[in-house]
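Raw contents of input22.tsv, TSV, N, CA and C atoms:
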```
chain	number	residue	atom	x	y	z
G	1	MET	N	69.67	-31.07	39.03
G	1	MET	CA	68.55	-30.45	38.38
G	1	MET	C	69.06	-29.51	37.29
G	2	GLN	N	68.59	-29.68	36.08
G	2	GLN	CA	69.04	-28.88	34.96
G	2	GLN	C	68.20	-27.61	34.87
G	3	ASP	N	68.89	-26.51	34.64
G	3	ASP	CA	68.23	-25.22	34.53
G	3	ASP	C	67.71	-25.05	33.10
G	4	GLU	N	66.41	-25.03	32.93
G	4	GLU	CA	65.79	-24.89	31.61
G	4	GLU	C	65.83	-23.42	31.19
G	5	GLN	N	66.47	-23.15	30.05
G	5	GLN	CA	66.57	-21.79	29.56
G	5	GLN	C	65.39	-21.48	28.66
G	6	LYS	N	64.84	-20.29	28.83
G	6	LYS	CA	63.74	-19.85	27.98
G	6	LYS	C	64.26	-18.82	26.99
G	7	ILE	N	63.67	-18.81	25.82
G	7	ILE	CA	64.05	-17.86	24.79
G	7	ILE	C	63.42	-16.51	25.12
G	8	ASP	N	64.22	-15.46	25.03
G	8	ASP	CA	63.75	-14.10	25.28
G	8	ASP	C	62.90	-13.66	24.08
G	9	PHE	N	61.61	-13.56	24.29
G	9	PHE	CA	60.67	-13.25	23.20
G	9	PHE	C	60.98	-11.91	22.55
G	10	TRP	N	61.26	-10.89	23.35
G	10	TRP	CA	61.48	-9.56	22.80
G	10	TRP	C	62.78	-9.49	22.00
G	11	LEU	N	63.81	-10.14	22.49
G	11	LEU	CA	65.07	-10.17	21.76
G	11	LEU	C	64.92	-10.90	20.43
G	12	LEU	N	64.19	-12.00	20.44
G	12	LEU	CA	63.92	-12.75	19.21
G	12	LEU	C	63.11	-11.90	18.23
G	13	THR	N	62.11	-11.20	18.73
G	13	THR	CA	61.25	-10.36	17.89
G	13	THR	C	62.06	-9.24	17.23
G	14	VAL	N	62.88	-8.57	18.02
G	14	VAL	CA	63.70	-7.48	17.48
G	14	VAL	C	64.69	-8.02	16.44
G	15	THR	N	65.27	-9.17	16.71
G	15	THR	CA	66.20	-9.78	15.76
G	15	THR	C	65.52	-10.11	14.44
G	16	LEU	N	64.34	-10.69	14.51
G	16	LEU	CA	63.60	-11.02	13.29
G	16	LEU	C	63.16	-9.77	12.52
G	17	ILE	N	62.76	-8.73	13.24
G	17	ILE	CA	62.38	-7.48	12.59
G	17	ILE	C	63.58	-6.87	11.87
G	18	LEU	N	64.73	-6.83	12.54
G	18	LEU	CA	65.93	-6.26	11.92
G	18	LEU	C	66.38	-7.09	10.71
G	19	ALA	N	66.28	-8.41	10.81
G	19	ALA	CA	66.63	-9.27	9.67
G	19	ALA	C	65.67	-9.02	8.51
G	20	GLY	N	64.39	-8.85	8.81
G	20	GLY	CA	63.40	-8.56	7.76
G	20	GLY	C	63.65	-7.22	7.09
G	21	ILE	N	63.95	-6.21	7.89
G	21	ILE	CA	64.26	-4.88	7.33
G	21	ILE	C	65.51	-4.97	6.46
G	22	GLY	N	66.52	-5.70	6.93
G	22	GLY	CA	67.74	-5.88	6.15
G	22	GLY	C	67.47	-6.58	4.84
G	23	LEU	N	66.58	-7.55	4.87
G	23	LEU	CA	66.23	-8.28	3.65
G	23	LEU	C	65.55	-7.35	2.64
G	24	VAL	N	64.68	-6.50	3.12
G	24	VAL	CA	64.02	-5.52	2.25
G	24	VAL	C	65.04	-4.54	1.68
G	25	MET	N	66.00	-4.13	2.50
G	25	MET	CA	67.03	-3.20	2.03
G	25	MET	C	67.91	-3.84	0.96
G	26	VAL	N	68.27	-5.11	1.16
G	26	VAL	CA	69.06	-5.82	0.15
G	26	VAL	C	68.29	-5.88	-1.17
G	27	TYR	N	67.02	-6.19	-1.09
G	27	TYR	CA	66.21	-6.28	-2.32
G	27	TYR	C	66.12	-4.92	-3.01
G	28	SER	N	65.82	-3.88	-2.24
G	28	SER	CA	65.62	-2.57	-2.86
G	28	SER	C	66.92	-1.99	-3.41
G	29	SER	N	68.06	-2.32	-2.81
G	29	SER	CA	69.31	-1.74	-3.28
G	29	SER	C	69.98	-2.57	-4.37
G	30	SER	N	69.60	-3.83	-4.54
G	30	SER	CA	70.31	-4.67	-5.51
G	30	SER	C	69.42	-5.20	-6.63
G	31	MET	N	68.18	-4.80	-6.69
G	31	MET	CA	67.28	-5.35	-7.69
G	31	MET	C	67.76	-5.06	-9.11
G	32	TYR	N	68.14	-3.83	-9.39
G	32	TYR	CA	68.54	-3.47	-10.74
G	32	TYR	C	69.86	-4.14	-11.14
G	33	LEU	N	70.80	-4.18	-10.21
G	33	LEU	CA	72.08	-4.84	-10.49
G	33	LEU	C	71.87	-6.34	-10.72
G	34	SER	N	71.03	-6.95	-9.92
G	34	SER	CA	70.74	-8.37	-10.08
G	34	SER	C	70.03	-8.63	-11.41
G	35	MET	N	69.15	-7.75	-11.79
G	35	MET	CA	68.44	-7.89	-13.07
G	35	MET	C	69.43	-7.78	-14.23
G	36	GLU	N	70.37	-6.87	-14.09
G	36	GLU	CA	71.36	-6.66	-15.14
G	36	GLU	C	72.32	-7.85	-15.26
G	37	LYS	N	72.77	-8.38	-14.13
G	37	LYS	CA	73.75	-9.45	-14.14
G	37	LYS	C	73.14	-10.83	-14.37
G	38	PHE	N	72.01	-11.10	-13.76
G	38	PHE	CA	71.46	-12.46	-13.74
G	38	PHE	C	70.12	-12.61	-14.44
G	39	GLY	N	69.51	-11.52	-14.85
G	39	GLY	CA	68.22	-11.60	-15.52
G	39	GLY	C	67.05	-11.76	-14.57
G	40	SER	N	67.34	-11.78	-13.28
G	40	SER	CA	66.30	-11.89	-12.25
G	40	SER	C	66.59	-10.87	-11.17
G	41	GLY	N	65.61	-10.12	-10.77
G	41	GLY	CA	65.81	-9.09	-9.77
G	41	GLY	C	65.90	-9.61	-8.35
G	42	THR	N	65.72	-10.91	-8.16
G	42	THR	CA	65.67	-11.45	-6.80
G	42	THR	C	66.88	-12.32	-6.43
G	43	ASN	N	67.92	-12.32	-7.25
G	43	ASN	CA	69.06	-13.20	-6.99
G	43	ASN	C	69.71	-12.90	-5.64
G	44	TYR	N	70.08	-11.65	-5.39
G	44	TYR	CA	70.72	-11.29	-4.13
G	44	TYR	C	69.74	-11.43	-2.96
G	45	PHE	N	68.49	-11.14	-3.21
G	45	PHE	CA	67.45	-11.29	-2.19
G	45	PHE	C	67.37	-12.75	-1.73
G	46	LYS	N	67.37	-13.68	-2.69
G	46	LYS	CA	67.30	-15.10	-2.35
G	46	LYS	C	68.52	-15.56	-1.58
G	47	LYS	N	69.70	-15.09	-2.00
G	47	LYS	CA	70.93	-15.45	-1.28
G	47	LYS	C	70.87	-14.96	0.16
G	48	GLN	N	70.44	-13.72	0.33
G	48	GLN	CA	70.36	-13.15	1.68
G	48	GLN	C	69.31	-13.88	2.51
G	49	ALA	N	68.20	-14.24	1.92
G	49	ALA	CA	67.15	-14.98	2.64
G	49	ALA	C	67.67	-16.35	3.09
G	50	ILE	N	68.45	-17.01	2.25
G	50	ILE	CA	69.04	-18.30	2.63
G	50	ILE	C	70.00	-18.11	3.79
G	51	HIS	N	70.82	-17.06	3.74
G	51	HIS	CA	71.76	-16.80	4.83
G	51	HIS	C	71.02	-16.48	6.14
G	52	ILE	N	69.94	-15.76	6.04
G	52	ILE	CA	69.14	-15.47	7.24
G	52	ILE	C	68.56	-16.75	7.82
G	53	ALA	N	68.06	-17.63	6.96
G	53	ALA	CA	67.50	-18.90	7.43
G	53	ALA	C	68.56	-19.76	8.11
G	54	ILE	N	69.75	-19.82	7.52
G	54	ILE	CA	70.85	-20.57	8.14
G	54	ILE	C	71.23	-19.95	9.48
G	55	GLY	N	71.32	-18.63	9.52
G	55	GLY	CA	71.63	-17.94	10.77
G	55	GLY	C	70.58	-18.16	11.84
G	56	PHE	N	69.31	-18.16	11.43
G	56	PHE	CA	68.23	-18.39	12.39
G	56	PHE	C	68.30	-19.81	12.94
G	57	ALA	N	68.58	-20.79	12.07
G	57	ALA	CA	68.71	-22.18	12.54
G	57	ALA	C	69.89	-22.31	13.49
G	58	ALA	N	71.01	-21.68	13.16
G	58	ALA	CA	72.18	-21.72	14.05
G	58	ALA	C	71.86	-21.05	15.39
G	59	MET	N	71.11	-19.95	15.34
G	59	MET	CA	70.73	-19.26	16.57
G	59	MET	C	69.88	-20.17	17.46
G	60	MET	N	68.95	-20.89	16.87
G	60	MET	CA	68.10	-21.80	17.65
G	60	MET	C	68.92	-22.95	18.25
G	61	ILE	N	69.90	-23.44	17.49
G	61	ILE	CA	70.76	-24.51	18.01
G	61	ILE	C	71.60	-23.99	19.17
G	62	PHE	N	72.19	-22.81	19.00
G	62	PHE	CA	73.07	-22.28	20.03
G	62	PHE	C	72.33	-21.81	21.28
G	63	THR	N	71.03	-21.57	21.18
G	63	THR	CA	70.30	-21.22	22.40
G	63	THR	C	70.18	-22.42	23.33
G	64	LYS	N	70.32	-23.61	22.77
G	64	LYS	CA	70.22	-24.83	23.58
G	64	LYS	C	71.56	-25.24	24.19
G	65	LEU	N	72.66	-24.63	23.73
G	65	LEU	CA	73.99	-24.98	24.24
G	65	LEU	C	74.36	-24.08	25.41
G	66	ASN	N	75.06	-24.65	26.36
G	66	ASN	CA	75.58	-23.87	27.48
G	66	ASN	C	76.98	-23.42	27.11
G	67	TYR	N	77.13	-22.14	26.79
G	67	TYR	CA	78.41	-21.62	26.34
G	67	TYR	C	79.48	-21.65	27.42
G	68	ARG	N	79.07	-21.73	28.67
G	68	ARG	CA	80.05	-21.77	29.77
G	68	ARG	C	80.89	-23.05	29.74
G	69	GLY	N	80.37	-24.08	29.08
G	69	GLY	CA	81.12	-25.32	28.94
G	69	GLY	C	82.32	-25.17	28.02
G	70	PHE	N	82.32	-24.15	27.17
G	70	PHE	CA	83.44	-23.92	26.26
G	70	PHE	C	84.59	-23.19	26.96
G	71	ALA	N	84.37	-22.71	28.20
G	71	ALA	CA	85.38	-21.92	28.89
G	71	ALA	C	86.67	-22.70	29.11
G	72	LYS	N	86.58	-24.01	29.28
G	72	LYS	CA	87.81	-24.79	29.51
G	72	LYS	C	88.68	-24.86	28.26
G	73	PHE	N	88.11	-24.54	27.09
G	73	PHE	CA	88.89	-24.50	25.85
G	73	PHE	C	89.24	-23.06	25.47
G	74	GLY	N	89.05	-22.12	26.38
G	74	GLY	CA	89.24	-20.70	26.10
G	74	GLY	C	90.62	-20.35	25.58
G	75	LYS	N	91.67	-20.89	26.23
G	75	LYS	CA	93.04	-20.57	25.80
G	75	LYS	C	93.31	-21.12	24.39
G	76	PHE	N	92.83	-22.32	24.12
G	76	PHE	CA	93.01	-22.91	22.79
G	76	PHE	C	92.30	-22.06	21.74
G	77	PHE	N	91.06	-21.66	22.03
G	77	PHE	CA	90.31	-20.82	21.09
G	77	PHE	C	91.02	-19.49	20.86
G	78	LEU	N	91.56	-18.90	21.95
G	78	LEU	CA	92.23	-17.61	21.84
G	78	LEU	C	93.48	-17.72	20.97
G	79	ILE	N	94.27	-18.73	21.18
G	79	ILE	CA	95.48	-18.93	20.37
G	79	ILE	C	95.10	-19.20	18.91
G	80	SER	N	94.05	-20.00	18.69
G	80	SER	CA	93.61	-20.29	17.32
G	80	SER	C	93.10	-19.02	16.63
G	81	GLY	N	92.34	-18.21	17.35
G	81	GLY	CA	91.83	-16.96	16.78
G	81	GLY	C	92.94	-16.00	16.43
G	82	LEU	N	93.93	-15.89	17.33
G	82	LEU	CA	95.07	-15.03	17.03
G	82	LEU	C	95.85	-15.56	15.84
G	83	GLY	N	95.91	-16.89	15.71
G	83	GLY	CA	96.55	-17.49	14.53
G	83	GLY	C	95.82	-17.14	13.25
G	84	LEU	N	94.49	-17.16	13.29
G	84	LEU	CA	93.70	-16.77	12.10
G	84	LEU	C	93.95	-15.31	11.73
G	85	LEU	N	94.03	-14.46	12.74
G	85	LEU	CA	94.31	-13.05	12.46
G	85	LEU	C	95.72	-12.89	11.88
G	86	GLY	N	96.66	-13.69	12.37
G	86	GLY	CA	98.02	-13.66	11.83
G	86	GLY	C	98.06	-14.13	10.39
G	87	VAL	N	97.32	-15.19	10.08
G	87	VAL	CA	97.25	-15.69	8.70
G	87	VAL	C	96.66	-14.62	7.79
G	88	LEU	N	95.66	-13.92	8.26
G	88	LEU	CA	95.05	-12.84	7.48
G	88	LEU	C	96.07	-11.73	7.21
G	89	LEU	N	96.82	-11.36	8.23
G	89	LEU	CA	97.83	-10.31	8.08
G	89	LEU	C	98.91	-10.72	7.09
G	90	ILE	N	99.39	-11.95	7.22
G	90	ILE	CA	100.45	-12.44	6.33
G	90	ILE	C	99.94	-12.58	4.89
G	91	SER	N	98.73	-13.11	4.72
G	91	SER	CA	98.20	-13.29	3.36
G	91	SER	C	97.98	-11.96	2.67
G	92	ASN	N	97.61	-10.93	3.40
G	92	ASN	CA	97.42	-9.61	2.80
G	92	ASN	C	98.76	-9.02	2.37
G	93	GLN	N	99.81	-9.25	3.15
G	93	GLN	CA	101.12	-8.71	2.80
G	93	GLN	C	101.72	-9.46	1.62
G	94	ILE	N	101.51	-10.78	1.55
G	94	ILE	CA	102.05	-11.57	0.44
G	94	ILE	C	101.35	-11.20	-0.86
G	95	ASN	N	100.05	-11.10	-0.83
G	95	ASN	CA	99.27	-10.82	-2.04
G	95	ASN	C	99.25	-9.34	-2.40
G	96	ASP	N	99.73	-8.48	-1.49
G	96	ASP	CA	99.77	-7.04	-1.71
G	96	ASP	C	98.41	-6.50	-2.14
G	97	VAL	N	97.37	-6.86	-1.36
G	97	VAL	CA	96.01	-6.44	-1.71
G	97	VAL	C	95.55	-5.23	-0.91
G	98	GLY	N	96.42	-4.71	-0.07
G	98	GLY	CA	96.01	-3.58	0.74
G	98	GLY	C	95.19	-4.05	1.92
G	99	VAL	N	94.09	-3.39	2.20
G	99	VAL	CA	93.25	-3.74	3.34
G	99	VAL	C	92.20	-4.75	2.89
G	100	ASN	N	92.25	-5.93	3.47
G	100	ASN	CA	91.27	-6.96	3.18
G	100	ASN	C	90.98	-7.68	4.49
G	101	ARG	N	89.75	-7.66	4.91
G	101	ARG	CA	89.39	-8.23	6.20
G	101	ARG	C	88.81	-9.64	6.09
G	102	TRP	N	88.73	-10.18	4.88
G	102	TRP	CA	88.13	-11.48	4.65
G	102	TRP	C	89.22	-12.51	4.42
G	103	LEU	N	89.04	-13.68	5.02
G	103	LEU	CA	89.94	-14.80	4.80
G	103	LEU	C	89.19	-15.83	3.97
G	104	ARG	N	89.77	-16.22	2.86
G	104	ARG	CA	89.11	-17.17	1.96
G	104	ARG	C	89.83	-18.51	2.04
G	105	ILE	N	89.09	-19.54	2.40
G	105	ILE	CA	89.62	-20.89	2.46
G	105	ILE	C	88.69	-21.76	1.62
G	106	GLY	N	89.18	-22.23	0.49
G	106	GLY	CA	88.34	-22.99	-0.42
G	106	GLY	C	87.25	-22.09	-0.97
G	107	GLY	N	86.02	-22.54	-0.92
G	107	GLY	CA	84.88	-21.76	-1.37
G	107	GLY	C	84.21	-21.00	-0.25
G	108	PHE	N	84.83	-20.98	0.91
G	108	PHE	CA	84.25	-20.38	2.10
G	108	PHE	C	85.06	-19.15	2.49
G	109	SER	N	84.40	-18.04	2.76
G	109	SER	CA	85.10	-16.84	3.21
G	109	SER	C	84.46	-16.34	4.49
G	110	PHE	N	85.29	-15.80	5.38
G	110	PHE	CA	84.81	-15.30	6.66
G	110	PHE	C	85.75	-14.22	7.17
G	111	GLN	N	85.29	-13.49	8.18
G	111	GLN	CA	86.09	-12.46	8.82
G	111	GLN	C	86.59	-13.00	10.16
G	112	PRO	N	87.90	-13.20	10.29
G	112	PRO	CA	88.43	-13.69	11.57
G	112	PRO	C	88.12	-12.76	12.74
G	113	SER	N	87.96	-11.47	12.48
G	113	SER	CA	87.65	-10.54	13.57
G	113	SER	C	86.28	-10.84	14.19
G	114	GLU	N	85.33	-11.30	13.37
G	114	GLU	CA	84.01	-11.65	13.90
G	114	GLU	C	84.09	-12.90	14.78
G	115	ILE	N	84.90	-13.85	14.37
G	115	ILE	CA	85.09	-15.06	15.18
G	115	ILE	C	85.80	-14.70	16.48
G	116	MET	N	86.74	-13.76	16.40
G	116	MET	CA	87.49	-13.34	17.59
G	116	MET	C	86.57	-12.72	18.64
G	117	LYS	N	85.52	-12.05	18.23
G	117	LYS	CA	84.58	-11.47	19.20
G	117	LYS	C	83.95	-12.56	20.06
G	118	ILE	N	83.55	-13.64	19.43
G	118	ILE	CA	82.94	-14.76	20.16
G	118	ILE	C	83.98	-15.43	21.05
G	119	ILE	N	85.20	-15.59	20.51
G	119	ILE	CA	86.29	-16.21	21.28
G	119	ILE	C	86.60	-15.40	22.52
G	120	LEU	N	86.63	-14.09	22.42
G	120	LEU	CA	86.92	-13.26	23.59
G	120	LEU	C	85.83	-13.37	24.65
G	121	ILE	N	84.60	-13.52	24.24
G	121	ILE	CA	83.51	-13.71	25.20
G	121	ILE	C	83.70	-15.04	25.93
G	122	ILE	N	84.04	-16.08	25.19
G	122	ILE	CA	84.26	-17.39	25.80
G	122	ILE	C	85.48	-17.36	26.71
G	123	PHE	N	86.55	-16.70	26.28
G	123	PHE	CA	87.78	-16.63	27.08
G	123	PHE	C	87.54	-15.87	28.38
```

Can I see the file as structure tokens?
Amino acid sequence: MQDEQKIDFWLLTVTLILAGIGLVMVYSSSMYLSMEKFGSGTNYFKKQAIHIAIGFAAMMIFTKLNYRGFAKFGKFFLISGLGLLGVLLISNQINDVGVNRWLRIGGFSFQPSEIMKIILIIF
């Protein structure tokens, strides 16, 4: 018998409210800069709205997955995450950029520390 998981209504509501407030803050703080750079005051707002939509879709997908099934890959994930952190450390020393927490691969950039948080939960 499969255990049907229900979405926590209050947690979803709070998440959507915080995302909405963040979207308003992005618009209010970047409107003039966006107008100056791009001729439209909503450029950063649109980018943030797209990222929120992608995040919301990912959240809905991941609510259907049983994360406990990833536990058997915990050691592999941990070693991979530590490798990403090592690559970040080495790339910062080679490029002499000082403190940089973002890893850029192709056109995609991410923070390995954020991925490590999820990996530690799985491990």

Filtered DSSP result for chain G, state helix (DSSP H, G or I), as a PyMOL selection string:
chain G and resi 9-38+43-63+67-95+112-122

What gap, in Å, lies between atom C of Ile122 in chain G and atom N of Phe56 in chain G?
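Atom N of Phe56 in chain G lies 22.3 Å from atom C of Ile122 in chain G.
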
Set the distance at 7 Å and use only C-alpha atoms: which residues neighbour Thr42 in chain G once local chain neighbours fewer than 5 positions away are removed? I'd like the list as a PyMOL selection string.
chain G and resi 27+31+34

Rounded to one decimal, what separation in Å do you get between atom N of Trp10 in chain G and atom N of Ala49 in chain G?
22.8 Å

Considering only strand (DSSP E or B) as DSSP defines it on the backbone, what residues of chain G qualify? List them as a ChimeraX atom specification.
/G:103-105,108-110

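Near (70.1, -13.6, -2.2), the residues that fall inside 12 Å on the basis of only C-alpha atoms are Gly22, Leu23, Val24, Met25, Val26, Tyr27, Ser28, Ser29, Ser30, Met31, Ser34, Phe38, Ser40, Gly41, Thr42, Asn43, Tyr44, Phe45, Lys46, Lys47, Gln48, Ala49, Ile50, His51, Ile52 and Ala53 of chain G.
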
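Of the residues listed (G:Phe123, G:Leu11, G:Ile21, G:Ser113), G:Phe123 shows the shortest atom-to-atom separation from Phe70 in chain G; distances use only N, CA and C atoms.
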